[in-house]
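> Sharing final_18.cif, mmCIF, C-alpha atoms:
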```cif
data_final
#
loop_
_atom_site.label_atom_id
_atom_site.label_comp_id
_atom_site.auth_asym_id
_atom_site.auth_seq_id
_atom_site.Cartn_x
_atom_site.Cartn_y
_atom_site.Cartn_z
CA MET A 283 19.56 77.61 -121.27
CA THR A 284 17.95 77.93 -117.82
CA ASP A 285 21.07 76.42 -116.23
CA ARG A 286 23.25 78.93 -118.09
CA LEU A 287 21.07 81.85 -116.85
CA MET A 288 21.10 80.60 -113.27
CA SER A 289 24.89 80.18 -113.36
CA LYS A 290 25.23 83.75 -114.66
CA ALA A 291 23.03 85.10 -111.86
CA ALA A 292 24.90 83.09 -109.22
CA THR A 293 28.47 84.10 -110.31
CA MET A 294 27.71 87.75 -111.15
CA GLU A 295 29.26 90.42 -108.90
CA ILE A 296 27.87 93.94 -108.52
CA PRO A 297 30.57 96.38 -107.39
CA ILE A 298 29.33 99.01 -104.90
CA HIS A 299 31.12 102.37 -104.84
CA GLY A 300 31.56 104.59 -101.85
CA ASN A 301 28.45 106.63 -102.62
CA GLY A 302 26.23 103.54 -102.47
CA ASP A 303 25.47 103.46 -106.27
CA SER A 304 25.93 100.37 -108.33
CA ARG A 305 27.44 100.39 -111.81
CA ARG A 306 25.68 98.62 -114.62
CA LEU A 307 27.86 95.97 -116.30
CA PRO A 308 27.55 94.67 -119.86
CA GLU A 309 26.64 91.28 -118.45
CA ASP A 310 23.58 92.86 -116.84
CA ASP A 311 22.27 93.91 -120.25
CA GLY A 312 22.75 90.40 -121.59
CA LEU A 313 20.95 88.85 -118.65
CA GLU A 314 18.03 91.27 -119.03
CA GLN A 315 17.74 90.53 -122.76
CA ASP A 316 17.78 86.78 -122.09
CA LEU A 317 15.01 87.14 -119.49
CA GLN A 318 12.91 89.22 -121.84
CA GLN A 319 13.37 86.66 -124.60
CA VAL A 320 12.30 83.84 -122.28
CA MET A 321 9.18 85.78 -121.27
CA VAL A 322 8.26 86.59 -124.86
CA SER A 323 9.03 83.21 -126.35
CA GLY A 324 7.56 81.27 -123.43
CA PRO A 325 4.93 78.62 -124.08
CA ASN A 326 1.31 79.63 -124.53
CA LEU A 327 -0.73 78.02 -121.79
CA ASN A 328 -3.68 77.67 -124.13
CA GLU A 329 -1.70 75.97 -126.90
CA THR A 330 1.07 73.98 -125.22
CA SER A 331 3.67 72.25 -127.40
CA ILE A 332 6.31 69.66 -126.56
CA VAL A 333 9.83 70.71 -127.62
CA SER A 334 12.29 67.93 -128.33
CA GLY A 335 15.33 70.13 -128.89
CA GLY A 336 17.07 72.79 -126.77
CA TYR A 337 16.26 76.47 -126.62
CA GLY A 338 16.54 78.14 -129.99
CA GLY A 339 16.26 74.84 -131.88
CA THR A 340 14.40 74.37 -135.14
CA ALA A 341 10.71 73.72 -135.42
CA GLU A 342 11.29 70.15 -136.56
CA GLY A 343 11.30 68.93 -132.94
CA ILE A 344 7.99 70.63 -132.03
CA ILE A 345 5.02 68.30 -131.65
CA PRO A 346 1.68 70.10 -131.25
CA THR A 347 -0.49 68.67 -128.47
CA SER A 348 -3.54 68.93 -130.67
CA SER A 349 -2.31 65.90 -132.58
CA ILE A 350 -2.21 63.77 -129.41
CA GLN A 351 -5.41 61.94 -128.68
CA GLY A 352 -6.22 59.97 -125.60
CA PRO A 353 -8.87 59.45 -123.00
CA SER A 354 -7.07 61.72 -120.53
CA LEU A 355 -7.65 64.81 -122.71
CA HIS A 356 -11.41 64.54 -122.82
CA GLN A 357 -13.59 67.23 -121.13
CA PRO A 358 -13.69 66.44 -117.36
CA HIS A 359 -17.01 65.75 -115.70
CA PRO A 360 -18.18 67.97 -112.81
CA ASN A 361 -16.99 66.73 -109.46
CA PRO A 362 -19.80 66.01 -106.95
CA ALA A 363 -17.44 66.94 -104.12
CA LEU A 364 -17.04 70.44 -105.54
CA THR A 365 -20.83 70.81 -105.75
CA GLY A 366 -21.14 69.83 -102.08
CA GLU A 367 -18.43 72.30 -101.12
CA GLU A 368 -20.24 75.06 -103.01
CA ALA A 369 -23.49 74.24 -101.19
CA THR A 370 -21.71 74.27 -97.83
CA ARG A 371 -20.08 77.55 -98.71
CA GLY A 372 -23.49 79.01 -99.62
CA ILE A 373 -24.97 77.93 -96.27
CA ALA A 374 -22.01 79.47 -94.45
CA VAL A 375 -22.49 82.74 -96.32
CA GLU A 376 -26.20 82.78 -95.41
CA LYS A 377 -25.40 82.19 -91.75
CA PHE A 378 -22.81 84.94 -91.84
CA ASP A 379 -25.38 87.33 -93.30
CA VAL A 380 -27.86 86.41 -90.57
CA VAL A 381 -25.28 87.00 -87.84
CA LYS A 382 -24.26 90.28 -89.49
CA LYS A 383 -27.86 91.54 -89.61
CA TRP A 384 -28.41 90.46 -86.02
CA GLY A 385 -25.28 92.30 -84.90
CA ILE A 386 -26.27 95.51 -86.68
CA ASN A 387 -29.81 95.34 -85.28
CA THR A 388 -28.51 94.66 -81.75
CA TYR A 389 -26.09 97.58 -81.97
CA LYS A 390 -28.80 99.99 -83.12
CA CYS A 391 -31.27 98.85 -80.45
CA THR A 392 -28.65 99.04 -77.69
CA LYS A 393 -27.69 102.53 -78.80
CA GLN A 394 -31.36 103.60 -78.82
CA LEU A 395 -31.99 102.04 -75.40
CA LEU A 396 -29.00 103.82 -73.83
CA SER A 397 -30.06 107.09 -75.43
CA GLU A 398 -33.52 106.74 -73.88
CA ARG A 399 -32.11 105.82 -70.48
CA PHE A 400 -29.81 108.86 -70.42
CA GLY A 401 -32.50 111.20 -71.77
CA ARG A 402 -30.76 111.90 -75.07
CA GLY A 403 -33.10 110.09 -77.43
CA SER A 404 -36.81 110.23 -78.14
CA ARG A 405 -39.19 107.27 -77.90
CA THR A 406 -42.61 106.56 -79.34
CA VAL A 407 -45.28 106.47 -76.62
CA ASP A 408 -48.90 105.33 -76.80
CA LEU A 409 -50.27 106.71 -73.53
CA GLU A 410 -53.53 104.74 -73.53
CA LEU A 411 -51.85 101.43 -74.36
CA GLU A 412 -48.99 102.01 -71.92
CA THR A 413 -51.52 102.68 -69.14
CA GLN A 414 -53.37 99.44 -69.89
CA ILE A 415 -50.11 97.46 -69.95
CA GLU A 416 -49.01 98.87 -66.59
CA LEU A 417 -52.46 98.10 -65.15
CA LEU A 418 -52.17 94.52 -66.38
CA ARG A 419 -48.76 94.08 -64.73
CA ASP A 420 -50.09 95.43 -61.45
CA THR A 421 -53.17 93.18 -61.65
CA LYS A 422 -50.98 90.16 -62.30
CA ARG A 423 -48.86 90.91 -59.23
CA LYS A 424 -51.96 91.17 -57.04
CA TYR A 425 -53.49 88.00 -58.46
CA GLU A 426 -50.22 86.15 -57.82
CA CYS A 427 -50.48 87.24 -54.19
CA VAL A 428 -54.05 85.91 -53.99
CA LEU A 429 -52.93 82.67 -55.62
CA GLY A 430 -50.13 82.22 -53.08
CA LEU A 431 -52.50 82.83 -50.15
CA ALA A 432 -55.09 80.42 -51.57
CA ARG A 433 -52.43 77.72 -51.93
CA ALA A 434 -51.33 78.33 -48.35
CA LEU A 435 -54.95 78.01 -47.20
CA THR A 436 -55.28 74.74 -49.11
CA GLY A 437 -52.14 73.35 -47.50
CA HIS A 438 -53.21 74.31 -43.99
CA PHE A 439 -56.76 73.06 -44.46
CA TYR A 440 -55.49 69.77 -45.88
CA SER A 441 -53.41 69.30 -42.74
CA LEU A 442 -56.52 70.07 -40.65
CA VAL A 443 -58.59 67.47 -42.51
CA GLN A 444 -55.87 64.86 -42.08
CA THR A 445 -55.72 65.66 -38.37
CA GLN A 446 -59.49 65.33 -38.06
CA HIS A 447 -59.38 62.01 -39.87
CA ALA A 448 -56.71 60.68 -37.49
CA LEU A 449 -58.65 62.00 -34.50
CA ALA A 450 -61.81 60.25 -35.67
CA ASP A 451 -59.92 56.95 -35.95
CA ALA A 452 -58.50 57.43 -32.46
CA PHE A 453 -61.94 58.13 -30.98
CA SER A 454 -63.42 55.06 -32.70
CA ASP A 455 -60.65 52.86 -31.35
CA LEU A 456 -61.08 54.20 -27.83
CA SER A 457 -64.88 53.76 -27.95
CA GLN A 458 -64.34 50.03 -28.47
CA LYS A 459 -61.73 49.70 -25.73
CA SER A 460 -63.45 51.91 -23.13
CA PRO A 461 -66.94 50.57 -22.36
CA GLU A 462 -67.58 53.22 -19.75
CA LEU A 463 -66.90 56.02 -22.32
CA GLN A 464 -68.09 54.24 -25.41
CA GLU A 465 -70.97 56.61 -26.11
CA GLU A 466 -68.89 59.79 -25.65
CA PHE A 467 -66.04 58.56 -27.80
CA GLY A 468 -68.54 57.33 -30.36
CA TYR A 469 -70.37 60.58 -31.08
CA ASN A 470 -67.06 62.52 -31.06
CA ALA A 471 -65.75 60.11 -33.66
CA GLU A 472 -68.87 60.59 -35.77
CA THR A 473 -68.53 64.39 -35.49
CA GLN A 474 -64.91 64.31 -36.61
CA LYS A 475 -65.79 62.01 -39.54
CA LEU A 476 -68.52 64.43 -40.62
CA LEU A 477 -66.14 67.37 -40.36
CA CYS A 478 -63.54 65.42 -42.31
CA LYS A 479 -66.06 64.68 -45.06
CA ASN A 480 -67.17 68.31 -45.29
CA GLY A 481 -63.54 69.40 -45.22
CA GLU A 482 -62.74 67.20 -48.19
CA THR A 483 -65.68 68.75 -50.03
CA LEU A 484 -64.43 72.24 -49.22
CA LEU A 485 -60.93 71.25 -50.33
CA GLY A 486 -62.37 70.29 -53.70
CA ALA A 487 -63.91 73.75 -54.08
CA VAL A 488 -60.73 75.54 -52.97
CA ASN A 489 -58.58 73.42 -55.28
CA PHE A 490 -60.84 74.31 -58.18
CA PHE A 491 -60.52 77.98 -57.23
CA VAL A 492 -56.71 77.71 -57.10
CA SER A 493 -56.54 75.89 -60.43
CA SER A 494 -58.67 78.49 -62.19
CA ILE A 495 -56.66 81.42 -60.76
CA ASN A 496 -53.43 79.68 -61.73
CA THR A 497 -54.63 79.27 -65.32
CA LEU A 498 -55.70 82.89 -65.49
CA VAL A 499 -52.44 84.25 -64.06
CA ASN A 500 -49.76 81.93 -65.46
CA LYS A 501 -51.28 81.18 -68.86
CA THR A 502 -53.76 83.80 -70.01
CA MET A 503 -52.08 86.85 -68.50
CA GLU A 504 -48.60 85.51 -69.25
CA ASP A 505 -49.49 84.98 -72.90
CA THR A 506 -50.69 88.58 -73.16
CA LEU A 507 -47.54 89.86 -71.44
CA MET A 508 -45.41 87.86 -73.88
CA THR A 509 -47.11 89.68 -76.73
CA VAL A 510 -46.44 92.92 -74.85
CA LYS A 511 -42.73 92.04 -74.70
CA HIS A 512 -42.68 91.49 -78.47
CA TYR A 513 -44.46 94.82 -78.90
CA GLU A 514 -41.91 96.62 -76.72
CA THR A 515 -39.03 95.07 -78.68
CA ALA A 516 -40.66 96.14 -81.95
CA ARG A 517 -41.13 99.65 -80.57
CA LEU A 518 -37.44 99.85 -79.66
CA GLU A 519 -36.39 98.63 -83.12
CA TYR A 520 -38.78 101.09 -84.76
CA ASP A 521 -37.35 104.02 -82.80
CA ALA A 522 -33.78 102.86 -83.48
CA TYR A 523 -34.28 102.77 -87.26
CA ARG A 524 -36.29 105.99 -87.12
CA THR A 525 -33.37 107.74 -85.39
CA ASP A 526 -30.94 106.27 -87.92
CA LEU A 527 -33.06 107.59 -90.80
CA GLU A 528 -33.31 111.05 -89.23
CA GLU A 529 -29.52 111.22 -88.82
CA LEU A 530 -28.97 110.28 -92.46
CA ASN A 531 -31.48 112.92 -93.59
CA LEU A 532 -29.53 115.58 -91.72
CA GLY A 533 -26.20 114.55 -93.28
CA PRO A 534 -24.70 115.41 -96.71
CA ARG A 535 -26.21 114.02 -99.87
CA ASP A 536 -23.86 112.11 -102.18
CA ALA A 537 -24.01 108.84 -104.11
CA SER A 538 -23.07 106.59 -101.18
CA THR A 539 -25.31 108.51 -98.75
CA LEU A 540 -28.31 108.23 -101.09
CA CYS A 541 -27.81 104.46 -101.29
CA ARG A 542 -27.65 104.19 -97.51
CA LEU A 543 -30.66 106.50 -97.23
CA ASP A 544 -32.74 104.22 -99.45
CA ALA A 545 -31.77 101.17 -97.38
CA ALA A 546 -32.54 103.02 -94.13
CA GLN A 547 -35.93 104.09 -95.49
CA ALA A 548 -36.79 100.49 -96.41
CA ASN A 549 -35.74 99.21 -92.96
CA PHE A 550 -37.72 101.97 -91.27
CA GLN A 551 -40.89 101.12 -93.19
CA ALA A 552 -40.54 97.40 -92.42
CA HIS A 553 -40.10 98.00 -88.68
CA ARG A 554 -42.92 100.54 -88.65
CA LEU A 555 -45.33 97.96 -90.09
CA LYS A 556 -44.15 95.38 -87.54
CA TYR A 557 -44.60 97.86 -84.70
CA GLU A 558 -48.12 98.84 -85.78
CA LYS A 559 -49.17 95.20 -86.20
CA LEU A 560 -47.97 94.22 -82.72
CA ARG A 561 -49.58 97.32 -81.22
CA GLY A 562 -52.91 96.21 -82.67
CA ASP A 563 -52.37 92.65 -81.39
CA VAL A 564 -51.68 93.92 -77.87
CA ALA A 565 -54.79 96.10 -77.88
CA VAL A 566 -56.98 93.16 -78.97
CA LYS A 567 -55.48 90.76 -76.40
CA LEU A 568 -55.88 93.27 -73.59
CA LYS A 569 -59.55 93.68 -74.46
CA PHE A 570 -60.26 89.93 -74.55
CA LEU A 571 -58.22 89.37 -71.39
CA GLU A 572 -60.29 91.87 -69.45
CA GLU A 573 -63.53 90.24 -70.57
CA ASN A 574 -62.23 86.76 -69.75
CA LYS A 575 -60.90 87.88 -66.36
CA VAL A 576 -64.27 89.32 -65.30
CA LYS A 577 -66.13 86.18 -66.39
CA VAL A 578 -63.73 83.76 -64.68
CA MET A 579 -63.39 85.71 -61.43
CA HIS A 580 -67.14 86.24 -61.11
CA LYS A 581 -67.65 82.47 -61.17
CA GLN A 582 -64.69 81.62 -58.91
CA LEU A 583 -65.39 84.24 -56.26
CA LEU A 584 -69.03 83.17 -56.02
CA LEU A 585 -67.97 79.51 -55.63
CA PHE A 586 -65.39 80.38 -52.98
CA HIS A 587 -67.86 82.43 -50.96
CA ASN A 588 -70.67 79.87 -51.05
CA ALA A 589 -68.39 76.96 -50.19
CA ILE A 590 -66.69 78.69 -47.26
CA SER A 591 -70.02 79.96 -45.87
CA ALA A 592 -71.70 76.56 -46.12
CA TYR A 593 -68.77 74.76 -44.51
CA PHE A 594 -68.47 76.96 -41.45
CA ALA A 595 -72.26 77.06 -41.10
CA GLY A 596 -72.26 73.27 -40.99
CA ASN A 597 -74.66 73.08 -43.93
CA GLN A 598 -73.54 69.97 -45.75
CA GLN A 599 -76.33 70.07 -48.34
CA GLN A 600 -75.60 73.67 -49.32
CA LEU A 601 -71.90 72.86 -49.58
CA GLU A 602 -72.56 69.96 -51.94
CA GLN A 603 -75.06 72.05 -53.90
CA SER A 604 -72.45 74.76 -54.41
CA LEU A 605 -70.08 72.26 -56.00
CA LYS A 606 -72.81 70.88 -58.24
CA GLN A 607 -73.77 74.41 -59.30
CA PHE A 608 -70.26 75.08 -60.63
CA SER A 609 -69.68 71.54 -61.94
CA VAL A 610 -66.84 70.78 -59.53
CA LYS A 611 -66.05 67.07 -59.38
CA LEU A 612 -64.49 65.71 -56.22
CA LYS A 613 -61.65 63.22 -56.50
CA SER A 614 -61.93 60.22 -54.30
CA PRO A 615 -58.90 59.48 -52.08
CA GLY A 616 -56.25 57.62 -54.05
CA ALA A 617 -57.89 58.37 -57.41
CA ASP A 618 -54.65 59.77 -58.82
CA LYS A 619 -52.72 56.67 -57.79
CA PRO A 620 -52.50 54.06 -60.59
CA SER A 621 -53.79 50.58 -59.97
CA TRP A 622 -51.55 47.55 -59.47
CA LEU A 623 -52.17 46.37 -63.04
CA GLU A 624 -51.32 49.81 -64.47
CA GLU A 625 -48.08 49.87 -62.50
CA GLN A 626 -47.14 46.48 -63.91
#
```
Represent the structure contained in this file as structure tokens.

Amino acid sequence: MTDRLMSKAATMEIPIHGNGDSRRLPEDDGLEQDLQQVMVSGPNLNETSIVSGGYGGTAEGIIPTSSIQGPSLHQPHPNPALTGEEATRGIAVEKFDVVKKWGINTYKCTKQLLSERFGRGSRTVDLELETQIELLRDTKRKYECVLGLARALTGHFYSLVQTQHALADAFSDLSQKSPELQEEFGYNAETQKLLCKNGETLLGAVNFFVSSINTLVNKTMEDTLMTVKHYETARLEYDAYRTDLEELNLGPRDASTLCRLDAAQANFQAHRLKYEKLRGDVAVKLKFLEENKVKVMHKQLLLFHNAISAYFAGNQQQLEQSLKQFSVKLKSPGADKPSWLEEQ
């Protein structure tokens, strides 16, 4: 019957009159009735039957599929591949949600930041905390300058000690090869060796001073400033969601707006708690940093003063006593170099 319908549709002609309308032919009605009959009498997908005769045949050729039994008609088992695909799809959806939330948060924070820069938006300010943070940044810059100068002093003084050591060797060699000047070259060599020894002791004190300042500046202060950066980011997010909530409160109230208002209120509360927590963390770290800075610098400045004074006064005993007082251990030359067995 399908071939007969297709042949009808292929050979049918629809005459078009001058006004663009088409006339309905009797064959059109027959084709429409046949199509409706096929749609109505079509097989049920839930209860499929096998028809042995042509269309319109008797029911004697109909074999119900319920009477056919075989292993292929049993309930299929779940496919492990489909389960893996579902898990992968779930991970992809989670990643998409994370990226979506990040994009929304970045947009809101950028909008808030630009509003503050152009003077159109308001920002939350803690005057006391902001003053302490600015003071910390200024102190760090000044301490970095001191650290750079102390490193330069160490480098120059190391070169001086190496020069004195070479000069002492040259004087010793000349005292052996010049009998007429042996005594003069000899005591000059001893003087340079003594200065070289005291210089190495002073270098130990200055190196300890540089190491302590470096730890204070690049670890302790940097850790506090990292917490400050997190606090400033939380403050920006808090103000962004606060502004968003204020704009929604000023708008019309309908079903969709109320839903968005509830979500904005929840986000605002979450970021407010985060902001307050980080503000407390910054206040605590600033307090402990100030106490630690005073304690460390008191010790280091006293060591630096005593060592420099004893060295230029030529007081070797006081110089060594200063290092013992602050538990500074001198490294012997070549102590950092591994032995031959360790290299092997």
> Calculate how many Å separate CA of Trp384 in chain A from CA of Glu519 in chain A, rounding to one decimal.
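For CA of Trp384 in chain A relative to CA of Glu519 in chain A, the distance reads 11.8 Å.
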> Apply the PyMOL selection byres ((chain A and resi 556) around 10) to the structure shown and report the selected residues as a PyMOL selection string.
chain A and resi 512-513+516-517+519-520+550-555+557-561
> Suppose a student applies the PyMOL selection byres ((chain A and resi 547) around 12) to this structure; what residues should they get, written as number ranges by chain?
A: 520, 523-531, 539-546, 548-554
> Can you measure CA of Val564 in chain A to CA of Leu411 in chain A for me? One decimal in Å is fine.
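Computed distance, CA of Val564 in chain A to CA of Leu411 in chain A, equals 8.3 Å.
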> Would you translate the PyMOL selection byres ((chain A and resi 582) around 12) into the concrete set of residues it matches in this file, as a PyMOL selection string?
chain A and resi 487-496+498+575-581+583-589+604-605+607-610
> Would you mind reading off the distance between CA of Asn470 in chain A and CA of Ala448 in chain A, one decimal, in Å?
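Between CA of Asn470 in chain A and CA of Ala448 in chain A the gap is 12.3 Å.
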> May I have the residues within 9 Å of Ala522 in chain A as a VMD selection string, using all atoms listed in the file and disregarding those fewer than 6 positions away in the same chain?
chain A and resid 387 390 to 395 405 550
> Determine, counting only C-alpha atoms, every residue of protein, DNA or RNA that lies within 9 Å of (-51.4, 91.4, -75.4) in the file coordinates, then give the result as a VMD selection string.
chain A and resid 415 503 to 511 513 560 to 569 571
> Determine, counting all atoms listed in the file, which protein, DNA and RNA residues have an atom within 7 Å of an atom of range 423-433 of chain A; residues of the same chain fewer than 2 positions away are not included. Present the result as a VMD selection string.
chain A and resid 419 to 421 435 to 437 492 495 to 496 499
> Which residue out of A:Ser538, A:Ser454, A:Arg399, A:Thr406 has the minimum interatomic distance to Glu466 in chain A when all atoms listed in the file are used?
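That would be A:Ser454, the residue with the smallest distance to Glu466 in chain A.
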> For a quick check of understanding, using all atoms listed in the file, which of A:Cys478, A:Ala374, A:Val381, A:Leu518 has the smallest distance to Gln444 in chain A?
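Among A:Cys478, A:Ala374, A:Val381, A:Leu518, it is A:Cys478 that comes nearest to Gln444 in chain A.
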